[in-house]
>>> print(open('input-v1.txt').read())   # compact mmCIF, C-alpha atoms
# COMPACT_ATOMS: atom_id res chain seq x y z
CA MET A 1 -37.26 30.03 -52.05
CA ALA A 2 -36.03 30.41 -48.48
CA ARG A 3 -38.60 30.67 -45.72
CA SER A 4 -38.69 33.45 -43.17
CA LYS A 5 -37.82 32.59 -39.58
CA ALA A 6 -41.50 32.69 -38.58
CA GLU A 7 -42.42 30.32 -41.40
CA THR A 8 -39.54 27.98 -40.46
CA LEU A 9 -40.71 27.92 -36.85
CA ALA A 10 -44.26 27.08 -37.89
CA TRP A 11 -42.98 24.31 -40.16
CA LEU A 12 -40.78 22.86 -37.38
CA ARG A 13 -43.69 22.81 -34.95
CA GLN A 14 -45.80 21.10 -37.59
CA ILE A 15 -43.31 18.27 -38.16
CA ALA A 16 -42.18 17.89 -34.51
CA GLY A 17 -44.32 14.78 -34.02
CA GLU A 18 -43.06 13.28 -37.27
CA LEU A 19 -39.45 13.90 -36.21
CA ALA A 20 -40.05 12.30 -32.81
CA THR A 21 -41.56 9.17 -34.40
CA ALA A 22 -38.68 8.90 -36.90
CA THR A 23 -36.15 9.34 -34.09
CA LEU A 24 -37.62 6.49 -32.03
CA LYS A 25 -37.54 4.21 -35.08
CA ARG A 26 -33.91 5.19 -35.72
CA LEU A 27 -33.04 4.34 -32.10
CA GLU A 28 -34.79 0.99 -32.45
CA ASP A 29 -32.91 0.18 -35.67
CA THR A 30 -29.40 1.36 -34.78
CA LEU A 31 -28.90 1.11 -30.99
CA PRO A 32 -28.91 -2.44 -29.54
CA TRP A 33 -28.82 -1.17 -25.95
CA TYR A 34 -32.07 0.73 -26.60
CA ARG A 35 -33.81 -2.37 -27.98
CA GLU A 36 -32.78 -4.42 -24.93
CA MET A 37 -34.18 -1.89 -22.46
CA PRO A 38 -37.38 -2.60 -20.50
CA PRO A 39 -40.43 -0.82 -21.96
CA GLY A 40 -40.53 1.75 -19.15
CA ARG A 41 -36.97 2.90 -19.72
CA ARG A 42 -37.38 2.94 -23.50
CA SER A 43 -40.35 5.23 -22.98
CA SER A 44 -38.18 7.50 -20.80
CA VAL A 45 -35.46 7.62 -23.47
CA GLY A 46 -38.12 8.49 -26.04
CA LEU A 47 -39.29 11.35 -23.81
CA VAL A 48 -35.72 12.67 -23.75
CA ALA A 49 -35.51 12.53 -27.57
CA GLN A 50 -38.85 14.33 -27.93
CA ALA A 51 -37.79 16.92 -25.36
CA GLY A 52 -34.61 17.49 -27.35
CA ILE A 53 -36.60 18.23 -30.51
CA ARG A 54 -38.94 20.61 -28.68
CA SER A 55 -35.99 22.28 -27.00
CA PHE A 56 -34.31 22.80 -30.38
CA ILE A 57 -37.42 24.56 -31.68
CA SER A 58 -37.47 26.80 -28.58
CA TRP A 59 -33.75 27.46 -28.91
CA TYR A 60 -34.10 28.32 -32.61
CA GLU A 61 -36.76 30.83 -31.69
CA ASP A 62 -34.57 32.32 -28.91
CA PRO A 63 -30.88 31.26 -28.89
CA ALA A 64 -30.42 33.09 -25.58
CA SER A 65 -32.22 30.16 -23.93
CA THR A 66 -29.04 28.01 -24.15
CA PRO A 67 -28.45 27.85 -20.36
CA TRP A 68 -31.79 26.05 -19.98
CA ILE A 69 -31.04 23.26 -22.44
CA ALA A 70 -29.98 20.70 -19.83
CA ALA A 71 -33.05 21.33 -17.68
CA ASP A 72 -35.39 21.25 -20.69
CA VAL A 73 -34.05 18.01 -22.15
CA PHE A 74 -32.85 15.91 -19.24
CA GLY A 75 -35.55 17.13 -16.89
CA ALA A 76 -37.96 14.83 -18.76
CA ALA A 77 -36.00 11.75 -17.65
CA PRO A 78 -36.49 10.11 -14.26
CA ARG A 79 -33.44 10.13 -11.96
CA GLU A 80 -32.84 6.39 -12.32
CA LEU A 81 -32.43 6.83 -16.09
CA LEU A 82 -29.27 8.90 -15.56
CA ARG A 83 -27.84 5.99 -13.58
CA SER A 84 -28.75 3.35 -16.18
CA VAL A 85 -27.76 5.23 -19.37
CA SER A 86 -24.07 6.04 -19.76
CA LEU A 87 -22.64 9.24 -21.20
CA GLN A 88 -21.57 7.34 -24.34
CA GLN A 89 -25.12 6.09 -24.86
CA THR A 90 -26.49 9.60 -24.32
CA LEU A 91 -24.20 10.96 -27.03
CA GLN A 92 -25.37 8.16 -29.36
CA LEU A 93 -28.93 9.25 -28.64
CA ILE A 94 -28.09 12.88 -29.48
CA ARG A 95 -26.35 11.83 -32.68
CA ALA A 96 -29.30 9.72 -33.85
CA THR A 97 -31.73 12.57 -33.17
CA VAL A 98 -29.57 15.11 -35.02
CA GLU A 99 -29.19 12.77 -38.01
CA VAL A 100 -32.97 12.36 -38.27
CA VAL A 101 -33.52 16.13 -38.15
CA GLU A 102 -30.74 16.78 -40.71
CA GLU A 103 -32.16 14.19 -43.11
CA ARG A 104 -35.62 15.71 -42.85
CA ILE A 105 -34.24 19.20 -43.47
CA SER A 106 -32.09 18.08 -46.41
CA SER A 107 -35.24 16.87 -48.16
CA SER A 108 -36.86 20.30 -47.78
CA THR A 109 -36.17 23.51 -49.64
CA ASP A 110 -34.95 25.31 -46.53
CA GLN A 111 -31.22 24.71 -45.98
CA GLY A 112 -30.77 27.58 -43.50
CA LEU A 113 -31.40 25.27 -40.54
CA ARG A 114 -28.22 23.22 -41.00
CA GLU A 115 -25.94 25.64 -39.14
CA PRO A 116 -28.40 26.14 -36.22
CA ILE A 117 -28.68 22.35 -35.85
CA LEU A 118 -24.90 22.03 -35.66
CA LEU A 119 -24.72 24.77 -33.04
CA TYR A 120 -27.56 23.26 -31.02
CA SER A 121 -26.12 19.74 -31.16
CA ARG A 122 -22.84 21.11 -29.84
CA GLU A 123 -24.63 22.86 -26.96
CA ILE A 124 -26.72 19.80 -26.09
CA ALA A 125 -23.62 17.57 -26.11
CA PHE A 126 -21.82 19.92 -23.74
CA ALA A 127 -24.94 20.10 -21.60
CA ALA A 128 -25.09 16.30 -21.42
CA ALA A 129 -21.42 16.11 -20.45
CA ASP A 130 -22.04 18.70 -17.74
CA VAL A 131 -24.99 16.73 -16.34
CA TYR A 132 -22.94 13.52 -16.14
CA ALA A 133 -19.90 15.32 -14.74
CA ARG A 134 -21.98 16.82 -11.93
CA ALA A 135 -23.56 13.44 -11.23
CA ALA A 136 -20.14 11.77 -11.13
CA GLU A 137 -18.79 14.47 -8.81
CA ALA A 138 -21.75 14.11 -6.48
CA ARG A 139 -21.40 10.32 -6.52
CA GLY A 140 -17.68 10.62 -5.81
CA LEU A 141 -18.29 12.88 -2.81
CA TRP A 142 -21.01 10.56 -1.54
CA ASP A 143 -18.78 7.49 -1.99
CA ALA A 144 -15.95 9.20 -0.09
CA ARG A 145 -18.28 10.04 2.81
CA LEU A 146 -19.74 6.54 2.83
CA GLU A 147 -16.28 4.95 2.69
CA ALA A 148 -15.12 7.14 5.61
CA LEU A 149 -18.20 6.07 7.57
CA VAL A 150 -17.53 2.37 6.90
CA VAL A 151 -13.85 2.62 7.88
CA ASP A 152 -14.78 4.55 11.03
CA SER A 153 -17.31 1.84 11.94
CA ILE A 154 -14.62 -0.81 11.51
CA LEU A 155 -12.10 1.09 13.64
CA SER A 156 -14.58 1.79 16.42
CA GLY A 157 -15.99 -1.74 16.38
CA GLU A 158 -19.52 -0.33 16.24
CA ALA A 159 -20.65 -2.33 13.21
CA ASP A 160 -24.43 -2.56 12.82
CA ASP A 161 -26.82 -4.37 10.52
CA ALA A 162 -26.42 -1.63 7.89
CA LEU A 163 -22.67 -2.22 7.47
CA PRO A 164 -22.95 -4.99 4.82
CA SER A 165 -25.30 -2.87 2.67
CA ARG A 166 -23.00 0.15 2.95
CA ILE A 167 -20.05 -1.99 1.91
CA ALA A 168 -22.00 -3.34 -1.05
CA ALA A 169 -22.92 0.22 -2.11
CA LEU A 170 -19.19 1.01 -2.37
CA GLY A 171 -18.71 -1.75 -4.96
CA TRP A 172 -16.61 -3.89 -2.61
CA HIS A 173 -15.45 -7.01 -4.49
CA GLY A 174 -13.67 -8.53 -1.52
CA HIS A 175 -14.71 -11.92 -0.22
CA GLY A 176 -13.44 -14.04 2.62
CA GLU A 177 -10.47 -12.98 4.72
CA VAL A 178 -9.65 -9.34 5.54
CA SER A 179 -6.75 -7.48 7.12
CA VAL A 180 -6.23 -3.86 8.20
CA VAL A 181 -3.09 -1.79 7.60
CA VAL A 182 -2.33 1.40 9.57
CA GLY A 183 0.38 3.96 8.84
CA THR A 184 0.94 7.68 8.52
CA THR A 185 -0.84 9.83 5.96
CA PRO A 186 1.54 11.11 3.24
CA ARG A 187 1.68 14.78 2.37
CA LEU A 188 0.15 14.01 -1.03
CA LEU A 189 -2.18 11.01 -0.84
CA ASP A 190 -2.69 9.24 -4.19
CA VAL A 191 -5.87 7.26 -3.59
CA ASP A 192 -6.16 6.14 -7.22
CA GLN A 193 -2.66 4.67 -7.18
CA LEU A 194 -3.45 2.67 -4.02
CA ARG A 195 -6.60 1.28 -5.61
CA ARG A 196 -4.80 0.39 -8.86
CA THR A 197 -2.06 -1.42 -6.98
CA ALA A 198 -4.62 -3.38 -4.98
CA ARG A 199 -6.55 -4.35 -8.11
CA HIS A 200 -3.39 -5.64 -9.79
CA LEU A 201 -2.98 -7.95 -6.78
CA ALA A 202 -6.56 -9.25 -7.07
CA SER A 203 -7.61 -7.46 -3.90
CA ASP A 204 -9.94 -4.66 -2.90
CA VAL A 205 -9.30 -1.83 -0.48
CA LEU A 206 -11.23 0.65 1.64
CA ILE A 207 -9.31 3.84 2.43
CA GLY A 208 -9.81 6.03 5.48
CA VAL A 209 -7.86 9.10 6.55
CA GLN A 210 -8.02 10.03 10.22
CA GLY A 211 -5.81 13.03 10.63
CA ALA A 212 -2.22 11.82 10.58
CA ARG A 213 -3.27 8.17 10.26
CA LEU A 214 -3.97 6.37 7.00
CA VAL A 215 -6.05 3.19 7.36
CA LEU A 216 -6.45 0.57 4.61
CA VAL A 217 -8.91 -2.30 4.91
CA ILE A 218 -7.74 -5.00 2.49
CA GLY A 219 -9.75 -7.94 1.21
CA ARG A 220 -9.07 -10.51 -1.47
CA SER A 221 -11.40 -9.95 -4.40
CA ASP A 222 -12.75 -12.27 -7.05
CA GLU A 223 -10.16 -12.59 -9.84
CA ALA A 224 -12.77 -12.03 -12.55
CA ALA A 225 -13.97 -8.79 -10.90
CA ALA A 226 -10.38 -7.67 -10.42
CA ALA A 227 -9.59 -8.34 -14.10
CA VAL A 228 -12.56 -6.22 -15.19
CA ALA A 229 -11.50 -3.39 -12.86
CA ARG A 230 -7.92 -3.55 -14.14
CA ALA A 231 -9.14 -3.35 -17.73
CA GLU A 232 -10.97 -0.12 -16.89
CA ASP A 233 -7.88 1.48 -15.34
CA PRO A 234 -6.32 4.37 -17.26
CA PRO A 235 -2.83 3.81 -18.68
CA PRO A 236 -0.05 4.19 -16.11
CA ARG A 237 1.58 7.58 -15.70
CA PRO A 238 5.36 7.98 -16.08
CA GLU A 239 5.71 8.85 -12.38
CA ASP A 240 3.78 5.78 -11.22
CA PRO A 241 5.89 2.92 -9.78
CA PRO A 242 5.88 -0.26 -11.88
CA MET A 243 3.31 -2.84 -10.83
CA GLU A 244 3.91 -6.56 -11.07
CA GLU A 245 1.10 -8.57 -12.61
CA LEU A 246 -0.29 -11.39 -10.49
CA PRO A 247 0.51 -14.83 -11.99
CA PRO A 248 -2.65 -16.73 -13.02
CA GLY A 249 -4.10 -18.84 -10.22
CA SER A 250 -1.85 -17.38 -7.51
CA GLN A 251 -3.03 -15.46 -4.47
CA PRO A 252 -0.68 -13.10 -2.61
CA SER A 253 -0.54 -13.04 1.17
CA PHE A 254 -1.73 -9.99 3.02
CA LEU A 255 1.89 -9.22 3.87
CA ASP A 256 2.71 -9.21 0.14
CA ILE A 257 -0.22 -6.87 -0.54
CA ALA A 258 0.77 -4.55 2.32
CA THR A 259 4.35 -4.51 1.06
CA SER A 260 3.17 -3.43 -2.40
CA LEU A 261 1.02 -0.67 -0.84
CA GLU A 262 3.73 0.49 1.56
CA SER A 263 4.95 3.28 -0.74
CA GLY A 264 1.53 4.95 -0.47
CA PHE A 265 2.07 5.71 3.23
CA GLY A 266 3.97 8.57 4.79
CA PRO A 267 7.16 8.20 6.86
CA GLY A 268 7.01 6.11 9.99
CA PRO A 269 5.80 2.62 10.87
CA VAL A 270 3.30 0.68 8.77
CA VAL A 271 1.53 -2.04 10.78
CA LEU A 272 -0.43 -4.98 9.36
CA GLY A 273 -3.21 -6.35 11.55
CA PRO A 274 -3.93 -10.07 11.84
CA THR A 275 -6.13 -11.82 9.29
CA VAL A 276 -9.82 -12.14 10.18
CA PRO A 277 -12.52 -14.23 8.47
CA ASP A 278 -14.58 -11.43 6.89
CA LEU A 279 -15.16 -7.69 6.71
CA VAL A 280 -17.66 -7.65 9.56
CA ALA A 281 -14.93 -8.99 11.88
CA ALA A 282 -12.34 -6.48 10.60
CA SER A 283 -12.55 -4.47 13.83
CA ARG A 284 -10.38 -7.11 15.55
CA SER A 285 -7.66 -6.66 12.95
CA ALA A 286 -8.05 -2.89 13.18
CA ARG A 287 -7.63 -2.84 16.98
CA ALA A 288 -4.44 -4.87 16.73
CA ALA A 289 -3.06 -2.70 13.92
CA LEU A 290 -3.83 0.54 15.80
CA ALA A 291 -2.22 -0.78 18.99
CA GLY A 292 0.82 -1.92 17.02
CA PHE A 293 1.06 1.45 15.30
CA ALA A 294 1.14 3.18 18.71
CA ALA A 295 3.82 0.80 20.04
CA ALA A 296 5.97 0.38 16.91
CA ARG A 297 8.22 3.30 17.81
CA ALA A 298 9.61 1.19 20.66
CA VAL A 299 11.08 -1.35 18.22
CA ARG A 300 14.41 -0.47 16.67
CA SER A 301 14.71 -1.18 12.93
CA ALA A 302 11.19 -2.58 12.64
CA PRO A 303 10.41 -3.75 9.11
CA ARG A 304 7.93 -1.81 7.02
CA PRO A 305 5.33 -3.16 7.06
CA VAL A 306 5.51 -5.02 10.35
CA ALA A 307 2.89 -7.48 11.55
CA ALA A 308 0.96 -6.39 14.63
CA ASP A 309 1.52 -9.84 16.16
CA ASP A 310 5.27 -9.24 15.95
CA LEU A 311 4.78 -6.35 18.41
CA LEU A 312 2.93 -8.28 21.12
CA PRO A 313 5.32 -7.43 24.02
CA GLU A 314 5.36 -3.71 23.21
CA ARG A 315 1.58 -3.67 22.80
CA ALA A 316 1.12 -5.45 26.12
CA LEU A 317 3.42 -2.96 27.87
CA ALA A 318 1.38 -0.14 26.32
CA GLY A 319 -1.76 -1.59 27.91
CA ASP A 320 -3.32 -3.39 24.94
CA PRO A 321 -5.63 -6.08 26.40
CA LEU A 322 -5.83 -7.86 23.04
CA ALA A 323 -2.04 -8.32 23.04
CA ARG A 324 -2.07 -9.68 26.60
CA THR A 325 -4.82 -12.14 25.71
CA THR A 326 -2.92 -13.23 22.59
CA LEU A 327 0.28 -13.81 24.57
CA VAL A 328 -1.57 -15.95 27.09
CA THR A 329 -3.59 -18.00 24.60
CA ARG A 330 -0.78 -18.57 22.11
CA ILE A 331 2.20 -19.07 24.46
CA HIS A 332 1.51 -19.39 28.18
CA ALA A 333 -1.63 -21.53 27.99
CA PRO A 334 -0.18 -24.14 25.58
CA LEU A 335 2.90 -24.53 27.80
CA ARG A 336 0.87 -24.74 31.00
CA GLU A 337 -1.57 -27.26 29.53
CA HIS A 338 1.08 -29.38 27.81
CA HIS A 339 1.41 -32.93 28.99
CA SER A 340 5.10 -32.29 29.71
CA PRO A 341 5.12 -29.72 32.55
CA GLU A 342 8.91 -29.50 32.44
CA LEU A 343 8.72 -27.36 29.27
CA LEU A 344 7.24 -24.39 31.16
CA ALA A 345 9.72 -24.78 34.01
CA THR A 346 12.62 -25.09 31.59
CA LEU A 347 11.63 -21.94 29.70
CA TRP A 348 11.32 -19.96 32.95
CA ALA A 349 14.73 -21.16 34.12
CA TYR A 350 16.37 -20.56 30.73
CA LEU A 351 15.13 -16.97 30.54
CA ASP A 352 15.89 -16.21 34.20
CA ASN A 353 19.47 -17.46 33.75
CA GLY A 354 20.20 -15.09 30.88
CA ARG A 355 19.60 -17.78 28.22
CA SER A 356 22.50 -19.85 29.53
CA LEU A 357 22.28 -23.58 28.86
CA GLU A 358 24.74 -24.42 31.66
CA GLY A 359 23.01 -22.20 34.20
CA THR A 360 19.62 -23.66 33.32
CA ALA A 361 20.98 -27.20 33.52
CA ARG A 362 22.45 -26.55 36.99
CA GLU A 363 19.18 -25.10 38.29
CA LEU A 364 17.12 -28.02 36.95
CA TYR A 365 19.74 -30.70 37.75
CA VAL A 366 19.74 -31.96 34.16
CA HIS A 367 22.29 -32.22 31.36
CA PRO A 368 22.67 -29.19 29.01
CA ASN A 369 21.65 -31.44 26.10
CA THR A 370 18.36 -32.07 27.89
CA VAL A 371 17.80 -28.30 28.12
CA ARG A 372 18.66 -27.98 24.44
CA TYR A 373 16.18 -30.74 23.53
CA ARG A 374 13.39 -29.13 25.58
CA LEU A 375 14.00 -25.73 23.97
CA LYS A 376 13.69 -27.36 20.56
CA ARG A 377 10.36 -28.88 21.58
CA ILE A 378 9.17 -25.45 22.76
CA THR A 379 10.06 -23.99 19.36
CA GLU A 380 8.14 -26.72 17.57
CA LEU A 381 5.12 -26.22 19.86
CA LEU A 382 4.90 -22.42 19.81
CA GLY A 383 6.74 -21.24 16.70
CA TRP A 384 8.98 -18.92 18.75
CA ASP A 385 12.65 -19.86 19.28
CA PRO A 386 13.89 -19.19 22.84
CA THR A 387 17.49 -18.97 21.58
CA SER A 388 16.60 -15.95 19.39
CA PRO A 389 16.88 -12.61 21.26
CA ARG A 390 13.64 -11.20 19.86
CA ASP A 391 11.67 -14.42 20.31
CA ALA A 392 13.05 -14.79 23.82
CA PHE A 393 11.69 -11.33 24.66
CA VAL A 394 8.25 -12.31 23.33
CA LEU A 395 8.28 -15.58 25.30
CA HIS A 396 9.42 -13.86 28.50
CA ALA A 397 6.65 -11.27 28.19
CA ALA A 398 4.11 -14.06 27.66
CA LEU A 399 5.28 -15.91 30.77
CA ILE A 400 5.01 -12.75 32.87
CA VAL A 401 1.56 -11.81 31.54
CA GLY A 402 0.38 -15.41 31.92
CA ALA A 403 1.61 -15.64 35.49
CA ILE A 404 -0.13 -12.35 36.37
CA SER A 405 -3.38 -13.52 34.80
CA GLU A 406 -3.47 -16.81 36.73
CA PRO A 407 -5.96 -16.83 39.60
CA VAL A 408 -4.46 -16.53 43.08
CA GLN A 409 -4.86 -19.72 45.04
CA VAL A 410 -5.52 -19.06 48.72
CA ARG A 411 -4.59 -21.82 51.12
CA ARG A 412 -7.23 -22.58 53.70
CA ARG A 413 -6.31 -23.25 57.32
CA ARG A 414 -7.23 -26.63 58.62
>>> encode(input="input-v1.txt", output="structure tokens")
Amino acid sequence: MARSKAETLAWLRQIAGELATATLKRLEDTLPWYREMPPGRRSSVGLVAQAGIRSFISWYEDPASTPWIAADVFGAAPRELLRSVSLQQTLQLIRATVEVVEERISSSTDQGLREPILLYSREIAFAAADVYARAAEARGLWDARLEALVVDSILSGEADDALPSRIAALGWHGHGEVSVVVGTTPRLLDVDQLRRTARHLASDVLIGVQGARLVLVIGRSDEAAAAVARAEDPPPRPEDPPMEELPPGSQPSFLDIATSLESGFGPGPVVLGPTVPDLVAASRSARAALAGFAAARAVRSAPRPVAADDLLPERALAGDPLARTTLVTRIHAPLREHHSPELLATLWAYLDNGRSLEGTARELYVHPNTVRYRLKRITELLGWDPTSPRDAFVLHAALIVGAISEPVQVRRRR
């Protein structure tokens, strides 16, 4: 004989404690992740299960209370529980609770509750998905703001003691050396594609958009962490460019990584800053990349990406003090301090004579082969070849900047 709704409600309230106890035992028997939880969190999960049973009884009494399901059930859980229990685990919890209730009902004479349980389980599942979706959206917005703050701190060079903790909160897997890439922001920025490409190259990336500029902070990540992240990536879309897998044990250069990420930038130059030891020192790489980005338009047919150190003369002409210092320390100072002072004099004469071996030899009263030998030694010392037009321009700019930076020696009258 079927019960009336009032009788069914009274019966449900009577067995609510029994259902809660059976549900906790079912969780203990069937869900390993629940057994491995600390006692405090297991107690919180049990509160959620009990709240779900009480909420079902309230909903059965008044189905119009559906909009309050999420607040009734998940409001019993502390905030940290939502961060430690995944959506999949929450659905397993709902399923175990519904199975316990269905088994208890099937053993009774009242079968009219089966359809309400199915309806309620559907509503609670959708409510759980909504709770996790809102949490994920809020976390995504917070991560984007935090990432923008970190990139802005790197660009401005105003890093403080909180920077490492902010970087860790973003899930940064990078370790060791870092480099910064600057280019134009594309009309449609695909952040996910940039991150996937970086992960496939065993690297991590921070992304910052500053108006028309797109800034990427690249760091090499642990291969194990990169492999886990790649495994969690969704399958590639048809419109995505093919990505080459990194050979085991190999580590790409930052130029290789920047080249793979180049398609994610808009039209215009893409400039790779110099490598720095760690993320805290990334502001040095960022300053060089920004200065190179501003000066890159002065270089015809510049590669994409182009290294910021390949734009030292243009950066120095644009007023970049870092470029002037680099030219002096890497070119002028080694020549001036070399034990063979004729190298500096030979380079000056060679460049002033339009890169003519004969003209340089006549000015220095030496044989052209001697000039050729000295130029070879300069190339070995500095890495720039005076006989190459582009390298000659870099060397000439370094000599000029170095001469200007030398202190003026005032002769004293005797």
>>> atom_distance(input="input-v1.txt", atom1="CA of Arg26 in chain A", atom2="CA of Glu7 in chain A")
27.1 Å
>>> atom_distance(input="input-v1.txt", atom1="CA of Ala302 in chain A", atom2="CA of Gly402 in chain A")
25.6 Å
>>> residues_around(input="input-v1.txt", residues="range 206-214 of chain A", least_positions_apart="6", cutoff="7 Å", atoms="only C-alpha atoms", output="PyMOL selection string")
chain A and resi 147-148+151+182-185
>>> atom_distance(input="input-v1.txt", atom1="CA of Asp204 in chain A", atom2="CA of Gln89 in chain A")
28.8 Å
>>> residues_around(input="input-v1.txt", residues="Asp352 in chain A", least_positions_apart="4", cutoff="12 Å", atoms="all atoms listed in the file", output="list in words")
Ala345, Thr346, Leu347, Trp348, Ser356, Leu357, Gly359, Thr360, Glu363, Pro386, Ala392, Phe393, Leu395, His396, Leu399 and Ile400 of chain A
